[in-house]
file coords01.cif (mmCIF, C-alpha atoms)
data_final
loop_
_atom_site.label_atom_id
_atom_site.label_comp_id
_atom_site.auth_asym_id
_atom_site.auth_seq_id
_atom_site.Cartn_x
_atom_site.Cartn_y
_atom_site.Cartn_z
CA MET A 154 25.09 -2.92 -19.23
CA VAL A 155 23.70 -5.82 -17.22
CA LEU A 156 20.75 -5.35 -14.88
CA GLU A 157 21.78 -4.18 -11.42
CA LEU A 158 19.95 -5.19 -8.26
CA TYR A 159 20.60 -3.36 -5.02
CA LEU A 160 19.72 -5.77 -2.24
CA ASP A 161 20.34 -6.75 1.34
CA LEU A 162 19.22 -10.32 1.96
CA LEU A 163 18.38 -9.24 5.49
CA SER A 164 15.29 -7.70 3.93
CA GLN A 165 12.24 -9.75 3.01
CA PRO A 166 11.38 -8.00 -0.27
CA CYS A 167 15.03 -8.31 -1.33
CA ARG A 168 14.92 -12.06 -0.79
CA ALA A 169 11.79 -12.39 -2.93
CA ILE A 170 13.53 -10.57 -5.80
CA TYR A 171 16.78 -12.52 -5.38
CA ILE A 172 14.99 -15.86 -5.51
CA PHE A 173 12.88 -14.78 -8.49
CA ALA A 174 15.82 -13.51 -10.52
CA LYS A 175 18.01 -16.54 -9.77
CA LYS A 176 15.23 -19.06 -10.33
CA ASN A 177 14.45 -17.56 -13.74
CA GLY A 178 18.08 -17.34 -14.83
CA ILE A 179 17.89 -13.53 -15.09
CA PRO A 180 21.45 -12.19 -15.37
CA PHE A 181 22.13 -9.43 -12.89
CA GLN A 182 24.90 -7.70 -11.00
CA MET A 183 24.32 -7.87 -7.28
CA HIS A 184 25.09 -4.78 -5.25
CA THR A 185 24.83 -5.52 -1.56
CA VAL A 186 23.57 -2.56 0.42
CA GLU A 187 24.46 -3.28 4.03
CA LEU A 188 21.51 -2.06 6.05
CA ARG A 189 23.30 -2.75 9.31
CA GLU A 190 26.09 -0.42 8.18
CA GLY A 191 23.61 2.26 7.16
CA GLU A 192 24.66 2.03 3.52
CA HIS A 193 21.11 2.71 2.37
CA LEU A 194 21.47 6.19 3.83
CA SER A 195 24.51 7.13 1.75
CA ASP A 196 24.44 9.82 -0.95
CA ALA A 197 25.71 7.27 -3.46
CA PHE A 198 22.73 5.01 -2.85
CA ALA A 199 20.31 7.97 -2.91
CA GLN A 200 21.32 8.34 -6.59
CA VAL A 201 19.87 4.89 -7.17
CA ASN A 202 16.87 5.25 -4.88
CA PRO A 203 16.08 8.66 -3.38
CA MET A 204 13.68 6.87 -1.00
CA LYS A 205 16.81 5.29 0.55
CA LYS A 206 15.30 1.83 0.67
CA VAL A 207 16.09 -1.60 -0.67
CA PRO A 208 15.34 -3.31 -2.95
CA ALA A 209 16.20 -1.05 -5.88
CA MET A 210 16.90 -1.88 -9.50
CA LYS A 211 18.90 -0.16 -12.21
CA ASP A 212 18.45 -1.17 -15.83
CA ASP A 213 20.83 1.13 -17.73
CA ASP A 214 19.39 4.57 -16.95
CA PHE A 215 16.12 3.28 -15.61
CA THR A 216 15.96 3.03 -11.82
CA LEU A 217 13.06 1.45 -9.99
CA SER A 218 12.09 0.98 -6.35
CA GLU A 219 9.33 -1.08 -4.64
CA SER A 220 9.70 -4.86 -4.68
CA VAL A 221 6.28 -5.49 -6.25
CA ALA A 222 7.09 -3.12 -9.12
CA ILE A 223 10.52 -4.73 -9.58
CA LEU A 224 9.09 -8.26 -9.59
CA LEU A 225 6.50 -7.24 -12.20
CA TYR A 226 9.15 -5.46 -14.31
CA LEU A 227 11.36 -8.55 -14.33
CA THR A 228 8.33 -10.74 -15.10
CA HIS A 229 7.40 -8.68 -18.15
CA LYS A 230 10.91 -7.99 -19.44
CA TYR A 231 12.30 -11.50 -19.16
CA LYS A 232 9.14 -13.32 -20.23
CA VAL A 233 9.25 -15.80 -17.37
CA PRO A 234 6.99 -18.90 -17.25
CA ASP A 235 3.32 -17.95 -17.08
CA HIS A 236 2.59 -19.38 -13.63
CA TRP A 237 4.58 -16.62 -11.91
CA TYR A 238 2.06 -13.99 -13.05
CA PRO A 239 -0.59 -15.74 -15.14
CA ARG A 240 -2.01 -14.10 -18.25
CA GLU A 241 -5.46 -15.41 -17.39
CA LEU A 242 -7.54 -12.51 -16.09
CA GLN A 243 -8.84 -13.97 -12.84
CA ALA A 244 -5.66 -15.82 -11.90
CA ARG A 245 -3.66 -12.64 -12.40
CA ALA A 246 -6.18 -10.71 -10.32
CA ARG A 247 -5.62 -13.18 -7.46
CA VAL A 248 -1.88 -12.48 -7.53
CA ASP A 249 -2.56 -8.71 -7.61
CA GLU A 250 -4.95 -9.11 -4.71
CA TYR A 251 -2.32 -10.86 -2.57
CA LEU A 252 0.45 -8.41 -3.53
CA ALA A 253 -1.81 -5.49 -2.53
CA TRP A 254 -3.14 -7.01 0.70
CA GLN A 255 0.23 -8.02 2.10
CA HIS A 256 1.67 -4.47 2.38
CA THR A 257 -0.54 -3.48 5.30
CA ALA A 258 -1.27 -6.93 6.64
CA LEU A 259 1.27 -9.76 6.79
CA ARG A 260 4.20 -7.51 5.95
CA ARG A 261 3.27 -5.06 8.65
CA SER A 262 2.81 -7.61 11.42
CA CYS A 263 5.90 -9.68 10.54
CA LEU A 264 7.97 -6.53 10.64
CA ARG A 265 6.53 -5.35 13.93
CA ALA A 266 6.93 -8.81 15.46
CA LEU A 267 10.58 -8.95 14.42
CA TRP A 268 11.32 -5.50 15.80
CA GLN A 269 9.38 -5.81 19.02
CA LYS A 270 10.39 -9.37 19.83
CA MET A 271 14.04 -9.10 18.91
CA MET A 272 15.49 -6.02 17.29
CA ILE A 273 14.50 -3.53 19.95
CA PRO A 274 15.24 -5.59 23.08
CA VAL A 275 18.38 -7.31 21.74
CA PHE A 276 19.97 -4.62 19.58
CA LEU A 277 18.69 -1.45 21.15
CA GLY A 278 18.58 -2.83 24.68
CA GLU A 279 15.12 -1.36 25.21
CA GLN A 280 12.14 -3.01 26.75
CA VAL A 281 9.01 -3.24 24.66
CA PRO A 282 5.86 -3.04 26.81
CA SER A 283 4.40 -6.53 27.04
CA GLU A 284 0.93 -5.30 25.99
CA THR A 285 2.45 -3.93 22.77
CA LEU A 286 4.19 -7.20 21.95
CA THR A 287 1.09 -9.21 22.84
CA ALA A 288 -1.05 -7.05 20.55
CA THR A 289 1.47 -7.38 17.71
CA LEU A 290 1.68 -11.16 18.02
CA ALA A 291 -2.12 -11.32 18.12
CA GLU A 292 -2.24 -9.26 14.92
CA LEU A 293 0.35 -11.55 13.32
CA ASP A 294 -1.79 -14.51 14.27
CA VAL A 295 -4.86 -12.93 12.65
CA ASN A 296 -2.93 -12.25 9.46
CA LEU A 297 -1.52 -15.78 9.31
CA GLN A 298 -5.08 -17.06 9.72
CA VAL A 299 -6.22 -14.86 6.82
CA LEU A 300 -3.31 -16.20 4.77
CA GLU A 301 -4.56 -19.73 5.40
CA ASP A 302 -8.32 -19.17 5.24
CA LYS A 303 -8.69 -16.57 2.52
CA PHE A 304 -5.66 -17.06 0.31
CA LEU A 305 -4.28 -20.59 0.63
CA GLN A 306 -7.42 -22.57 1.53
CA ASP A 307 -7.08 -26.11 0.12
CA LYS A 308 -4.84 -25.15 -2.77
CA ALA A 309 -1.22 -26.18 -3.26
CA PHE A 310 -0.11 -22.56 -3.64
CA LEU A 311 -1.63 -19.21 -2.73
CA ILE A 312 -3.48 -18.66 -5.96
CA GLY A 313 -3.76 -22.15 -7.41
CA PRO A 314 -1.91 -25.35 -8.25
CA ARG A 315 1.32 -23.57 -9.22
CA ILE A 316 3.73 -21.20 -7.53
CA SER A 317 3.41 -17.48 -8.31
CA LEU A 318 4.91 -14.14 -7.24
CA ALA A 319 2.45 -14.16 -4.35
CA ASP A 320 4.08 -17.26 -2.82
CA LEU A 321 7.58 -15.77 -3.03
CA VAL A 322 6.50 -12.57 -1.36
CA ALA A 323 4.61 -14.48 1.34
CA VAL A 324 7.20 -17.11 2.16
CA THR A 325 10.07 -14.63 2.44
CA GLU A 326 7.87 -12.61 4.79
CA VAL A 327 7.08 -15.53 7.05
CA MET A 328 10.78 -16.50 7.11
CA HIS A 329 11.55 -12.98 8.34
CA HIS A 330 9.73 -13.76 11.52
CA LYS A 331 11.79 -16.87 12.04
CA SER A 332 15.11 -15.33 11.13
CA THR A 333 17.85 -14.81 13.66
CA PHE A 334 20.98 -12.76 13.51
CA PRO A 335 24.16 -14.68 14.22
CA GLU A 336 26.03 -11.84 15.87
CA VAL A 337 24.97 -9.06 18.14
CA THR A 338 26.21 -5.80 16.66
CA PRO A 339 25.21 -2.17 17.04
CA PHE A 340 22.39 -1.70 14.62
CA THR A 341 21.37 1.34 12.72
CA VAL A 342 18.01 2.44 13.96
CA ASP A 343 17.13 3.85 10.59
CA TYR A 344 16.76 0.29 9.34
CA THR A 345 13.11 0.53 8.43
CA LEU A 346 11.29 -1.50 5.89
CA SER A 347 8.03 0.38 6.29
CA HIS A 348 6.66 3.35 8.13
CA GLN A 349 4.54 1.60 10.71
CA SER A 350 3.80 3.65 13.75
CA THR A 351 5.45 1.72 16.55
CA ILE A 352 8.75 1.38 14.72
CA LYS A 353 8.65 5.06 13.88
CA LYS A 354 7.96 6.00 17.47
CA MET A 355 10.87 3.89 18.66
CA THR A 356 13.21 5.25 16.00
CA HIS A 357 12.27 8.86 16.67
CA ARG A 358 13.71 8.59 20.14
CA HIS A 359 17.09 7.45 18.83
CA PRO A 360 19.21 9.42 16.40
CA TYR A 361 21.22 7.36 13.98
CA LYS A 362 24.34 6.13 15.75
CA PRO A 363 27.28 5.35 13.46
CA PHE A 364 29.82 2.81 14.63
CA MET B 33 -25.93 -10.81 -12.99
CA GLY B 34 -23.47 -8.21 -14.26
CA LEU B 35 -20.53 -6.62 -12.55
CA GLU B 36 -21.22 -5.46 -8.99
CA LEU B 37 -19.06 -2.99 -7.11
CA TYR B 38 -19.39 -2.81 -3.35
CA LEU B 39 -18.34 0.70 -2.41
CA ASP B 40 -18.64 3.44 0.15
CA LEU B 41 -17.62 6.79 -1.30
CA MET B 42 -16.41 7.71 2.18
CA SER B 43 -13.41 5.51 1.38
CA GLN B 44 -10.51 6.74 -0.75
CA PRO B 45 -9.92 3.49 -2.66
CA CYS B 46 -13.67 3.21 -3.36
CA ARG B 47 -13.63 6.65 -4.95
CA ALA B 48 -10.74 5.68 -7.19
CA VAL B 49 -12.59 2.56 -8.38
CA TYR B 50 -15.84 4.53 -8.85
CA ILE B 51 -14.21 7.26 -10.92
CA PHE B 52 -12.32 4.71 -13.02
CA ALA B 53 -15.41 2.62 -13.79
CA LYS B 54 -17.59 5.64 -14.57
CA LYS B 55 -14.94 7.39 -16.66
CA ASN B 56 -14.45 4.28 -18.76
CA ASP B 57 -18.20 3.62 -19.08
CA ILE B 58 -17.87 0.24 -17.43
CA PRO B 59 -21.41 -0.93 -16.67
CA PHE B 60 -21.81 -1.92 -13.05
CA GLN B 61 -24.32 -2.16 -10.29
CA LEU B 62 -23.37 -0.04 -7.29
CA ARG B 63 -23.85 -1.74 -3.95
CA THR B 64 -23.35 0.86 -1.24
CA ILE B 65 -21.84 -0.39 2.00
CA ASP B 66 -22.17 2.31 4.66
CA LEU B 67 -19.00 2.05 6.74
CA LEU B 68 -20.10 4.49 9.41
CA LYS B 69 -23.16 2.33 9.98
CA GLY B 70 -20.96 -0.77 10.25
CA GLN B 71 -22.47 -2.43 7.18
CA HIS B 72 -19.12 -3.98 6.31
CA TYR B 73 -19.49 -6.20 9.38
CA THR B 74 -22.66 -7.93 8.23
CA ASP B 75 -22.67 -11.64 7.43
CA ASP B 76 -24.07 -10.83 3.98
CA PHE B 77 -21.12 -8.68 3.13
CA ALA B 78 -18.69 -11.25 4.56
CA GLN B 79 -19.94 -13.56 1.78
CA VAL B 80 -18.71 -10.97 -0.70
CA ASN B 81 -15.47 -10.10 1.07
CA PRO B 82 -14.39 -12.17 4.06
CA LEU B 83 -11.82 -9.44 4.78
CA ARG B 84 -14.85 -7.18 5.51
CA LYS B 85 -13.44 -4.27 3.60
CA VAL B 86 -14.44 -2.07 0.71
CA PRO B 87 -14.00 -1.87 -2.20
CA ALA B 88 -15.03 -5.34 -3.33
CA LEU B 89 -15.93 -6.58 -6.79
CA LYS B 90 -18.27 -9.39 -7.80
CA ASP B 91 -18.23 -10.49 -11.41
CA GLY B 92 -20.52 -13.51 -11.66
CA ASP B 93 -18.99 -15.95 -9.21
CA PHE B 94 -15.66 -14.17 -9.16
CA ILE B 95 -15.07 -12.05 -6.08
CA LEU B 96 -12.12 -9.71 -5.72
CA ALA B 97 -10.87 -7.47 -2.90
CA GLU B 98 -8.14 -4.78 -2.87
CA SER B 99 -8.60 -1.61 -4.91
CA VAL B 100 -5.33 -1.98 -6.83
CA ALA B 101 -6.28 -5.50 -7.92
CA ILE B 102 -9.78 -4.28 -8.85
CA LEU B 103 -8.45 -1.35 -10.91
CA LEU B 104 -6.08 -3.63 -12.82
CA TYR B 105 -8.80 -6.27 -13.36
CA LEU B 106 -11.16 -3.63 -14.79
CA SER B 107 -8.37 -2.18 -16.97
CA ARG B 108 -7.70 -5.53 -18.54
CA LYS B 109 -11.23 -6.86 -18.82
CA TYR B 110 -12.71 -3.71 -20.35
CA LYS B 111 -9.66 -2.88 -22.47
CA VAL B 112 -9.52 0.73 -21.38
CA PRO B 113 -7.28 3.32 -23.10
CA ASP B 114 -3.61 2.45 -22.69
CA HIS B 115 -2.64 5.51 -20.63
CA TRP B 116 -4.52 4.23 -17.57
CA TYR B 117 -2.11 1.28 -17.21
CA PRO B 118 0.40 1.47 -20.07
CA GLN B 119 1.73 -1.56 -21.95
CA ASP B 120 5.14 0.06 -22.22
CA LEU B 121 7.49 -1.71 -19.79
CA GLN B 122 8.98 1.32 -18.06
CA ALA B 123 5.80 3.42 -18.05
CA ARG B 124 3.93 0.54 -16.45
CA ALA B 125 6.71 0.04 -13.91
CA ARG B 126 6.27 3.64 -12.79
CA VAL B 127 2.56 3.05 -12.19
CA ASP B 128 3.32 -0.20 -10.31
CA GLU B 129 5.89 1.65 -8.23
CA TYR B 130 3.37 4.30 -7.18
CA LEU B 131 0.60 1.78 -6.50
CA SER B 132 2.98 -0.17 -4.27
CA TRP B 133 4.52 2.78 -2.39
CA GLN B 134 1.21 4.43 -1.56
CA HIS B 135 -0.12 1.59 0.65
CA THR B 136 2.23 2.31 3.51
CA ALA B 137 2.97 5.95 2.78
CA LEU B 138 0.33 8.37 1.55
CA ARG B 139 -2.60 6.05 2.32
CA SER B 140 -1.69 5.62 5.93
CA CYS B 141 -1.14 9.29 6.74
CA CYS B 142 -4.14 10.58 4.78
CA THR B 143 -6.50 8.23 6.62
CA ARG B 144 -5.08 9.13 10.01
CA ALA B 145 -5.00 12.87 9.25
CA MET B 146 -8.67 12.87 8.31
CA TRP B 147 -9.73 10.80 11.31
CA GLN B 148 -7.59 12.60 13.85
CA LYS B 149 -8.49 16.07 12.61
CA MET B 150 -12.18 15.51 12.13
CA MET B 151 -13.78 12.13 12.69
CA PHE B 152 -12.54 11.46 16.23
CA PRO B 153 -13.18 14.92 17.73
CA LYS B 154 -16.35 15.87 15.84
CA TYR B 155 -18.12 12.67 14.87
CA LEU B 156 -17.06 10.38 17.71
CA GLU B 157 -16.52 13.16 20.28
CA GLN B 158 -13.21 11.64 21.27
CA PRO B 159 -10.44 14.23 21.71
CA VAL B 160 -7.11 13.56 20.05
CA PRO B 161 -3.92 14.60 21.88
CA PRO B 162 -2.48 17.59 19.98
CA GLU B 163 0.98 16.02 19.75
CA ILE B 164 -0.45 13.01 17.92
CA LEU B 165 -2.27 15.20 15.39
CA ALA B 166 0.86 17.34 14.95
CA SER B 167 2.98 14.25 14.33
CA THR B 168 0.49 12.89 11.77
CA LEU B 169 0.31 16.20 9.92
CA ALA B 170 4.11 16.36 9.86
CA GLU B 171 4.19 12.86 8.37
CA LEU B 172 1.56 13.89 5.80
CA ASP B 173 3.75 16.82 4.88
CA ARG B 174 6.75 14.54 4.33
CA CYS B 175 4.67 12.19 2.15
CA LEU B 176 3.39 15.11 0.08
CA GLN B 177 6.99 16.23 -0.43
CA MET B 178 7.91 12.73 -1.64
CA LEU B 179 4.88 12.74 -3.91
CA GLU B 180 6.13 15.97 -5.50
CA ASP B 181 9.84 15.21 -5.56
CA LYS B 182 9.92 11.55 -6.42
CA PHE B 183 6.75 10.95 -8.43
CA LEU B 184 5.34 14.15 -9.91
CA ARG B 185 8.63 16.03 -10.44
CA ASN B 186 8.17 18.14 -13.60
CA GLN B 187 5.66 15.85 -15.24
CA ALA B 188 2.04 16.62 -15.99
CA PHE B 189 0.88 13.51 -14.14
CA LEU B 190 2.42 11.22 -11.54
CA THR B 191 3.92 8.74 -13.94
CA GLY B 192 4.26 10.73 -17.15
CA SER B 193 2.43 12.99 -19.53
CA HIS B 194 -0.93 11.22 -19.29
CA ILE B 195 -3.27 10.40 -16.44
CA SER B 196 -3.03 6.84 -15.12
CA VAL B 197 -4.59 4.81 -12.31
CA ALA B 198 -1.78 6.14 -10.09
CA ASP B 199 -3.24 9.66 -10.35
CA LEU B 200 -6.73 8.43 -9.45
CA VAL B 201 -5.45 6.56 -6.42
CA ALA B 202 -3.43 9.62 -5.32
CA ILE B 203 -6.05 12.31 -5.85
CA THR B 204 -8.80 10.39 -4.05
CA GLU B 205 -6.34 9.87 -1.22
CA LEU B 206 -5.49 13.56 -0.91
CA MET B 207 -9.15 14.56 -0.86
CA HIS B 208 -9.41 12.74 2.46
CA PRO B 209 -7.42 15.28 4.52
CA VAL B 210 -8.90 18.06 2.34
CA SER B 211 -12.37 16.99 3.50
CA ALA B 212 -11.17 17.41 7.09
CA GLY B 213 -10.03 20.97 6.40
CA CYS B 214 -6.32 20.35 5.76
CA LYS B 215 -5.08 22.97 3.32
CA ILE B 216 -2.65 20.77 1.50
CA PHE B 217 -2.96 22.32 -1.96
CA GLU B 218 -2.83 25.95 -0.86
CA SER B 219 0.83 25.77 0.09
CA ARG B 220 1.88 23.50 -2.78
CA PRO B 221 1.31 25.15 -6.18
CA LYS B 222 2.87 22.25 -8.10
CA LEU B 223 0.49 19.76 -6.50
CA ALA B 224 -2.44 22.17 -6.94
CA ALA B 225 -1.70 22.42 -10.67
CA TRP B 226 -1.56 18.63 -10.90
CA ARG B 227 -4.89 18.41 -9.11
CA GLN B 228 -6.46 20.75 -11.70
CA ARG B 229 -5.15 18.59 -14.50
CA VAL B 230 -6.46 15.40 -12.90
CA GLU B 231 -9.88 16.94 -12.30
CA ALA B 232 -10.02 18.18 -15.89
CA ALA B 233 -8.99 14.76 -17.25
CA VAL B 234 -11.59 12.98 -15.09
CA GLY B 235 -14.27 15.60 -15.69
CA GLU B 236 -15.51 18.10 -13.09
CA ASN B 237 -18.93 16.50 -12.70
CA LEU B 238 -17.63 13.01 -12.12
CA PHE B 239 -14.98 14.30 -9.72
CA GLN B 240 -17.57 16.21 -7.66
CA GLU B 241 -19.97 13.27 -7.74
CA ALA B 242 -17.31 10.90 -6.39
CA HIS B 243 -16.39 13.33 -3.60
CA ALA B 244 -19.86 14.55 -2.60
CA VAL B 245 -20.11 12.14 0.35
CA VAL B 246 -16.71 12.79 1.90
CA LEU B 247 -16.92 16.56 1.43
CA LYS B 248 -20.16 16.59 3.46
CA VAL B 249 -18.63 14.74 6.38
CA LYS B 250 -17.52 17.95 8.14
CA ASP B 251 -21.17 18.99 8.40
CA MET B 252 -22.30 15.73 10.00
CA PRO B 253 -23.53 16.02 13.58
CA PRO B 254 -21.88 13.85 16.24
CA LEU B 255 -22.90 10.19 16.19
CA MET B 256 -25.70 9.73 18.68
CA ASP B 257 -26.34 5.98 18.71
CA PRO B 258 -24.25 4.82 21.72
CA THR B 259 -23.89 1.19 20.60
CA LEU B 260 -22.74 2.12 17.12
CA LYS B 261 -20.48 4.80 18.58
CA GLU B 262 -18.69 2.35 20.87
CA LYS B 263 -18.38 -0.24 18.10
CA LEU B 264 -17.00 2.29 15.65
CA LYS B 265 -14.61 3.77 18.23
CA LEU B 266 -13.20 0.33 18.94
CA SER B 267 -12.69 -0.46 15.28
CA VAL B 268 -10.74 2.73 14.56
CA GLN B 269 -8.52 2.99 17.64
CA SER B 270 -5.48 2.00 15.56
CA LEU B 271 -5.92 5.27 13.64
CA LEU B 272 -5.04 7.20 16.77
CA HIS B 273 -1.28 6.71 16.41
#

call {"tool": "encode", "arguments": {"input": "coords01.cif", "output": "structure tokens"}}
result
Amino acid sequence: MVLELYLDLLSQPCRAIYIFAKKNGIPFQMHTVELREGEHLSDAFAQVNPMKKVPAMKDDDFTLSESVAILLYLTHKYKVPDHWYPRELQARARVDEYLAWQHTALRRSCLRALWQKMMIPVFLGEQVPSETLTATLAELDVNLQVLEDKFLQDKAFLIGPRISLADLVAVTEVMHHKSTFPEVTPFTVDYTLSHQSTIKKMTHRHPYKPF
Amino acid sequence: MGLELYLDLMSQPCRAVYIFAKKNDIPFQLRTIDLLKGQHYTDDFAQVNPLRKVPALKDGDFILAESVAILLYLSRKYKVPDHWYPQDLQARARVDEYLSWQHTALRSCCTRAMWQKMMFPKYLEQPVPPEILASTLAELDRCLQMLEDKFLRNQAFLTGSHISVADLVAITELMHPVSAGCKIFESRPKLAAWRQRVEAAVGENLFQEAHAVVLKVKDMPPLMDPTLKEKLKLSVQSLLH
């Protein structure tokens, strides 16, 4: 049975995995989980990932969630070129450091910026207090500065002269902020990529509305 | 200069790194950074970690932040027993999965639960609206349920039959709300049994040693220094949600 990847390219971590798998010629069956249709909430998908989130992976009987774990699994199983996750102790530590930092830093602020600047006003028709949006964009700015000053510095890529997993995770995140949706459709409010407080607060006020 | 670890045992990830290094007899020099005194904001410490956070590692000229990265670096460099971070593809993936999930799940609610239940009202004398505390404790409860249902299940440890770095990261996390008086193990026998196993695997003495600081926090008097109080209050306001 070929590797199965459950993805929605709307989601940043899904894009990182998609690019990685395709770039490395890793054969896989793509299962699109339409977040906008609430497909991640279905019982069928819960069999794959009880956390009801994408990305998820199924390798025969082995199911795995969390994009960082999936990227590392694919790296080890398919013996991809070394630069993606270098064997060298310190270089590898630099990738680990970025992959850990991003969860509560860049990822968090890109997500909040997307929701507060667009998803909530455009799709939910709700106003986000301007102080909240201002604070979020300020936080995003701080994190982008850290990305430049602490991680990238004068190097070609985040951890050195060659691209690694860290760059894929970072670039797909930054693209999230720039992404637009071509059509305005009712949007499931359970579309959450993390459990950050503002998104939760907003979603708690709205039960899931099917359409 | 040998390995230096910049830690404050007040911090969950610092405790995980401390226990791991001690348990595996990794020689290191402990550099204590007192968070409540704002020592992580000094220029000296910024040279070690420009992110101004603990834990931080300095190995010669090599500086590393992020507890997960530090744990993995130590695992590899000091060639610790395999069970901590297994070579087996699927076993390792389970550890990676936990280490990834916890950042935005258990970590977040344990920190907020501890601060909202104890640090804000008692140490900083700033009252926390009861609905915010209730919401945080409800979220903690949901995370604990996921910990049991998705990770622990019927296994001895979070990712299998042996202790791994995932268990260290989790147990040190859960001790945070415990230190604030949250009775999270009393109502969850499965989790309580897992805790016993983790403590036994780590060793009672080492476990107590790592948690001595945080378990004394409830007896600390309110912070008197007004400048430090205002500075600290400002830096932790985001934990009030």

call {"tool": "resolve_selection", "arguments": {"input": "coords01.cif", "expression": "the PyMOL selection byres ((chain A) within 8 of (chain B))", "output": "NGL selection string"}}
result
:A and (203 or 215 or 217-219 or 221-223 or 225-226 or 229-230 or 242-243 or 246-247 or 249-250 or 253-254 or 256-257 or 303 or 347-350)

call {"tool": "closest_residue", "arguments": {"input": "coords01.cif", "among": "B:Leu35, B:Val112, B:Ala145, B:Met151", "to": "Lys261 in chain B", "atoms": "all atoms listed in the file"}}
result
B:Met151

call {"tool": "atom_distance", "arguments": {"input": "coords01.cif", "atom1": "CA of Ser262 in chain A", "atom2": "CA of Glu190 in chain A"}}
result
24.6 Å

call {"tool": "resolve_selection", "arguments": {"input": "coords01.cif", "expression": "the PyMOL selection byres ((chain B and resi 180) around 12)", "output": "list of chain:residue names"}}
result
B:Leu138, B:Asp173, B:Arg174, B:Cys175, B:Leu176, B:Gln177, B:Met178, B:Leu179, B:Asp181, B:Lys182, B:Phe183, B:Leu184, B:Arg185, B:Asn186, B:Gln187, B:Ala188, B:Phe189, B:Leu190, B:Thr191, B:Ala202, B:Phe217, B:Arg220, B:Pro221, B:Lys222, B:Leu223, B:Ala224, B:Ala225, B:Trp226, B:Arg227

call {"tool": "atom_distance", "arguments": {"input": "coords01.cif", "atom1": "CA of Leu259 in chain A", "atom2": "CA of Asn296 in chain A"}}
result
5.6 Å

call {"tool": "residues_around", "arguments": {"input": "coords01.cif", "residues": "Arg168 in chain A", "least_positions_apart": "6", "cutoff": "10 Å", "atoms": "all atoms listed in the file", "output": "list of chain:residue names"}}
result
A:Leu160, A:Asp161, A:Leu162, A:Ala174, A:Pro208, A:Ser220, A:Leu321, A:Val322, A:Val324, A:Thr325, A:Glu326, A:Met328, A:His329

call {"tool": "resolve_selection", "arguments": {"input": "coords01.cif", "expression": "the PyMOL selection byres ((chain B and resi 156) around 12)", "output": "MDAnalysis selection string"}}
result
chainID B and resid 68 147:155 157:160 252:269

call {"tool": "residues_around", "arguments": {"input": "coords01.cif", "residues": "Tyr38 in chain B", "least_positions_apart": "6", "cutoff": "7 Å", "atoms": "all atoms listed in the file", "output": "list in words"}}
result
Leu62, Arg63, Thr64, Ile65, Val86, Pro87, Ala88 and Leu89 of chain B

call {"tool": "atom_distance", "arguments": {"input": "coords01.cif", "atom1": "CA of Leu165 in chain B", "atom2": "CA of Leu206 in chain B"}}
result
16.7 Å

call {"tool": "residues_around", "arguments": {"input": "coords01.cif", "residues": "range 228-232 of chain B", "least_positions_apart": "6", "cutoff": "12 Å", "atoms": "only C-alpha atoms", "output": "number ranges by chain"}}
result
B: 51, 55, 187-190, 193-204, 207, 217, 221-222, 238-243

call {"tool": "closest_residue", "arguments": {"input": "coords01.cif", "among": "A:Met183, A:Leu293, A:Ile170, A:Ile312", "to": "Arg245 in chain A", "atoms": "only C-alpha atoms"}}
result
A:Ile312

call {"tool": "closest_residue", "arguments": {"input": "coords01.cif", "among": "A:Met154, A:Leu290, A:Arg315, A:Ala169", "to": "Pro234 in chain A", "atoms": "only C-alpha atoms"}}
result
A:Arg315
